[in-house]
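Everything below concerns the one structure shown next.
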Amino acid sequence: MRQMGIRAQWIKPHTQTTIRSDFSGKLKNLLDRNFSPAHPNCVWCTDITYIHTKLDGFVYLACIMDLYFRRIISWKLTKTLDTGPILESIEEARKRRPSQEPIMIHTDRGIHYTCDLYRKLTRGMIRSYSAKGVPYDNACIESFHSLIKREWLSRFDIQNYRHVYRLVSQYIDDWYNPERIHCHCGYMSPAEYEVMFQRTSTD
């Protein structure tokens with residue numbers, strides 16, 4: 001992807017892409033914009049963004065980020081906003097990154113993240129929610145979704161779901177996680193930062 005000229009760019013202003021719901025005041029912002037957790041695999045954030053295609057209309061990308069490494073640990077692309085397929089990213093993340101300690105998972109207040117299925121899938125986790133209509137409370141994953149659109153997807157005349165899937169895989173699996181440097185990671189990529197952490201932890 002370096003040969004294709006992809007490079008880091010400034011993040012564009014936020015565009016709201018999630019469905020908001022008027023839920024009770026019981027949904028607390030436990031993360032409180034502390035985007036630098038002390039340990040890996042203790043705070044995840046997730047959100048959904050819309051991607052337009054010529055033939056299939058909108059498709060929907062749900063990503064989960066480990067805030068310590070800024071790494072996308074799971075993602076799911078769906079053709080509908082049905083809750084089940086969207087939330088499969090959580091099941092996948094929990095299988096890939098099991099933890100004996102409760103993991104905090106931070107989301108907005110969209111219907112996918114306040115429904116019974118979400119509460120079931122996140123049983124044993126610590127649920128944290130952005131304030132209603134405040135995307136900055138979930139800034140890291142919001143910024144990532146802006147990046148993938150600005151740095152990569154905007155370059156293409158996207159045809160359909162399969163085209164988006166291929167592009168998202170190229171960006172996340174071949175570029176963002178293993179290659180794209182991040183100031184939070186000491187100007188290493190998320191994957192490099194994780195490898196360094198594992199090495200220093202065993203020394």
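In the structure tokens, chains take letters A, B, ... by order of appearance, with residues numbered from 1 within each chain and ligands from 1 in the order shown.
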Apply DSSP to the backbone of this structure and, from segment 34-197 of chain A, keep only the residues in strand (DSSP E or B); write these as an mmCIF file with C-alpha atoms, in the first residue's frame.
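Okay, out_34.cif is ready:
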data_model
loop_
_atom_site.group_PDB
_atom_site.id
_atom_site.type_symbol
_atom_site.label_atom_id
_atom_site.label_comp_id
_atom_site.auth_asym_id
_atom_site.auth_seq_id
_atom_site.Cartn_x
_atom_site.Cartn_y
_atom_site.Cartn_z
ATOM 1 C CA VAL A 43 -10.452 -0.906 27.658
ATOM 2 C CA TRP A 44 -12.071 -1.406 24.264
ATOM 3 C CA CYS A 45 -14.099 1.075 22.254
ATOM 4 C CA THR A 46 -16.470 0.355 19.392
ATOM 5 C CA ASP A 47 -18.749 2.140 16.956
ATOM 6 C CA ILE A 48 -20.518 1.753 13.614
ATOM 7 C CA THR A 49 -19.929 3.810 10.484
ATOM 8 C CA TYR A 50 -21.767 3.891 7.159
ATOM 9 C CA ILE A 51 -20.039 3.378 3.794
ATOM 10 C CA HIS A 52 -21.844 4.138 0.539
ATOM 11 C CA THR A 53 -21.604 1.886 -2.508
ATOM 12 C CA GLY A 57 -26.388 1.333 -1.143
ATOM 13 C CA PHE A 58 -24.989 1.713 2.359
ATOM 14 C CA VAL A 59 -23.033 -1.003 4.108
ATOM 15 C CA TYR A 60 -22.057 -0.829 7.765
ATOM 16 C CA LEU A 61 -18.669 -1.243 9.406
ATOM 17 C CA ALA A 62 -18.362 -2.024 13.121
ATOM 18 C CA CYS A 63 -14.852 -1.949 14.589
ATOM 19 C CA ILE A 64 -13.457 -2.646 18.044
ATOM 20 C CA MET A 65 -10.235 -0.973 19.169
ATOM 21 C CA ASP A 66 -7.987 -1.878 22.094
ATOM 22 C CA ARG A 71 -5.195 -1.700 17.462
ATOM 23 C CA ILE A 72 -8.354 -2.820 15.677
ATOM 24 C CA ILE A 73 -8.876 -6.222 17.268
ATOM 25 C CA SER A 74 -12.116 -7.071 15.480
ATOM 26 C CA TRP A 75 -14.247 -5.706 12.664
ATOM 27 C CA LYS A 76 -17.454 -6.691 10.944
ATOM 28 C CA LEU A 77 -18.925 -5.428 7.674
ATOM 29 C CA THR A 78 -22.642 -5.992 7.138
ATOM 30 C CA MET A 104 -14.397 -2.001 29.921
ATOM 31 C CA ILE A 105 -16.168 -1.533 26.590
ATOM 32 C CA HIS A 106 -17.112 2.004 25.594
ATOM 33 C CA THR A 107 -19.784 2.863 23.020
ATOM 34 C CA ILE A 126 -17.862 -3.083 32.259
ATOM 35 C CA ARG A 127 -20.141 -1.052 29.972
ATOM 36 C CA SER A 128 -19.379 2.624 29.453
ATOM 37 C CA TYR A 129 -21.370 5.061 27.312
ATOM 38 C CA HIS A 182 0.713 6.343 15.625
ATOM 39 C CA MET A 188 5.258 2.720 15.877
#
Find the residue from A:Val164, A:Cys183, A:Leu117, A:Leu55 that sits nearest to Trp152 of chain A; use only C-alpha atoms when measuring. A:Val164
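Omitting Leu121 of chain A and its sequence neighbours fewer than 5 positions away, and counting only C-alpha atoms, the residues within 10 Å are Leu87, Glu88, Ile90, Glu91, Arg94 and Asp116 of chain A.
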Can those selected residues be exported to a file as a PDB file, in the first residue's frame so that it contains C-alpha atoms?
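That gives us part_8.pdb:
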ATOM      1  CA  LEU A  87     -22.516  -7.307  17.306  1.00  0.00           C
ATOM      2  CA  GLU A  88     -20.646 -10.346  15.997  1.00  0.00           C
ATOM      3  CA  ILE A  90     -17.837  -8.334  20.027  1.00  0.00           C
ATOM      4  CA  GLU A  91     -18.049 -12.125  20.083  1.00  0.00           C
ATOM      5  CA  ARG A  94     -13.764 -11.796  23.169  1.00  0.00           C
ATOM      6  CA  ASP A 116     -30.790  -6.953  25.323  1.00  0.00           C
TER       7      ASP A 116
END
Mind checking which residues fall within 12 Å of Phe197 of chain A, counting only C-alpha atoms, ignoring those fewer than 3 positions away in the same chain, and posting them as a PyMOL selection string? chain A and resi 39-40+68-69+185-186+188+190-194+200-203
Okay, now the selection with C-alpha atoms, as a PDB file, in the first residue's frame?
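Produced file selection-v8.pdb, reproduced below:
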ATOM      1  CA  HIS A  39      -2.755  -1.975  30.616  1.00  0.00           C
ATOM      2  CA  PRO A  40      -3.608  -3.705  27.333  1.00  0.00           C
ATOM      3  CA  TYR A  68      -3.828   0.614  24.865  1.00  0.00           C
ATOM      4  CA  PHE A  69      -2.386  -0.417  21.501  1.00  0.00           C
ATOM      5  CA  CYS A 185       2.369   4.167  20.090  1.00  0.00           C
ATOM      6  CA  GLY A 186       5.646   6.073  20.147  1.00  0.00           C
ATOM      7  CA  MET A 188       5.258   2.720  15.877  1.00  0.00           C
ATOM      8  CA  PRO A 190      -0.174  -0.739  16.698  1.00  0.00           C
ATOM      9  CA  ALA A 191       1.201  -4.201  15.883  1.00  0.00           C
ATOM     10  CA  GLU A 192       4.801  -3.111  16.474  1.00  0.00           C
ATOM     11  CA  TYR A 193       3.806  -1.459  19.738  1.00  0.00           C
ATOM     12  CA  GLU A 194       2.134  -4.658  20.903  1.00  0.00           C
ATOM     13  CA  THR A 200       9.516  -5.920  27.485  1.00  0.00           C
ATOM     14  CA  SER A 201       6.943  -7.714  29.631  1.00  0.00           C
ATOM     15  CA  THR A 202       8.884 -10.973  29.420  1.00  0.00           C
ATOM     16  CA  ASP A 203      12.320  -9.440  30.060  1.00  0.00           C
TER      17      ASP A 203
END
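A straight line drawn from atom CA of Ala38 of chain A to atom CA of Lys26 of chain A is 25.9 Å long.
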Tell me, as a VMD selection string, which residues lie within 9 Å of Thr83 of chain A, counting only C-alpha atoms; anything in the same chain fewer than 3 positions away does not count. chain A and resid 80 86 to 88 111 to 113 115 117 to 118
Please write the residues from the selection above to a file, keeping N, CA and C atoms, as a short mmCIF file (atom, residue, chain, number, x, y, z; two decimals), in the first residue's frame.
data_model
loop_
_atom_site.label_atom_id
_atom_site.label_comp_id
_atom_site.auth_asym_id
_atom_site.auth_seq_id
_atom_site.Cartn_x
_atom_site.Cartn_y
_atom_site.Cartn_z
N THR A 80 -26.73 -4.85 6.41
CA THR A 80 -27.88 -4.27 7.10
C THR A 80 -27.45 -3.78 8.48
N ILE A 86 -24.10 -7.01 13.40
CA ILE A 86 -23.25 -5.92 13.85
C ILE A 86 -22.47 -6.32 15.10
N LEU A 87 -23.14 -7.00 16.02
CA LEU A 87 -22.52 -7.31 17.31
C LEU A 87 -21.62 -8.55 17.27
N GLU A 88 -21.56 -9.21 16.11
CA GLU A 88 -20.65 -10.35 16.00
C GLU A 88 -19.20 -9.93 16.23
N ILE A 111 -28.88 2.22 19.43
CA ILE A 111 -29.75 1.11 19.81
C ILE A 111 -29.02 -0.23 19.83
N HIS A 112 -27.97 -0.38 19.04
CA HIS A 112 -27.23 -1.63 19.04
C HIS A 112 -26.53 -1.87 20.37
N TYR A 113 -26.21 -0.79 21.07
CA TYR A 113 -25.42 -0.89 22.30
C TYR A 113 -26.24 -0.71 23.56
N CYS A 115 -29.38 -2.59 23.62
CA CYS A 115 -30.38 -3.65 23.49
C CYS A 115 -30.03 -4.85 24.36
N LEU A 117 -29.53 -7.97 23.48
CA LEU A 117 -28.48 -8.82 22.93
C LEU A 117 -27.10 -8.26 23.29
N TYR A 118 -26.95 -6.95 23.23
CA TYR A 118 -25.66 -6.35 23.60
C TYR A 118 -25.34 -6.63 25.06
#
Closest of A:Val134, A:Ala93, A:Met125, A:Ile141 to Leu67 of chain A, counting only C-alpha atoms, is A:Ile141
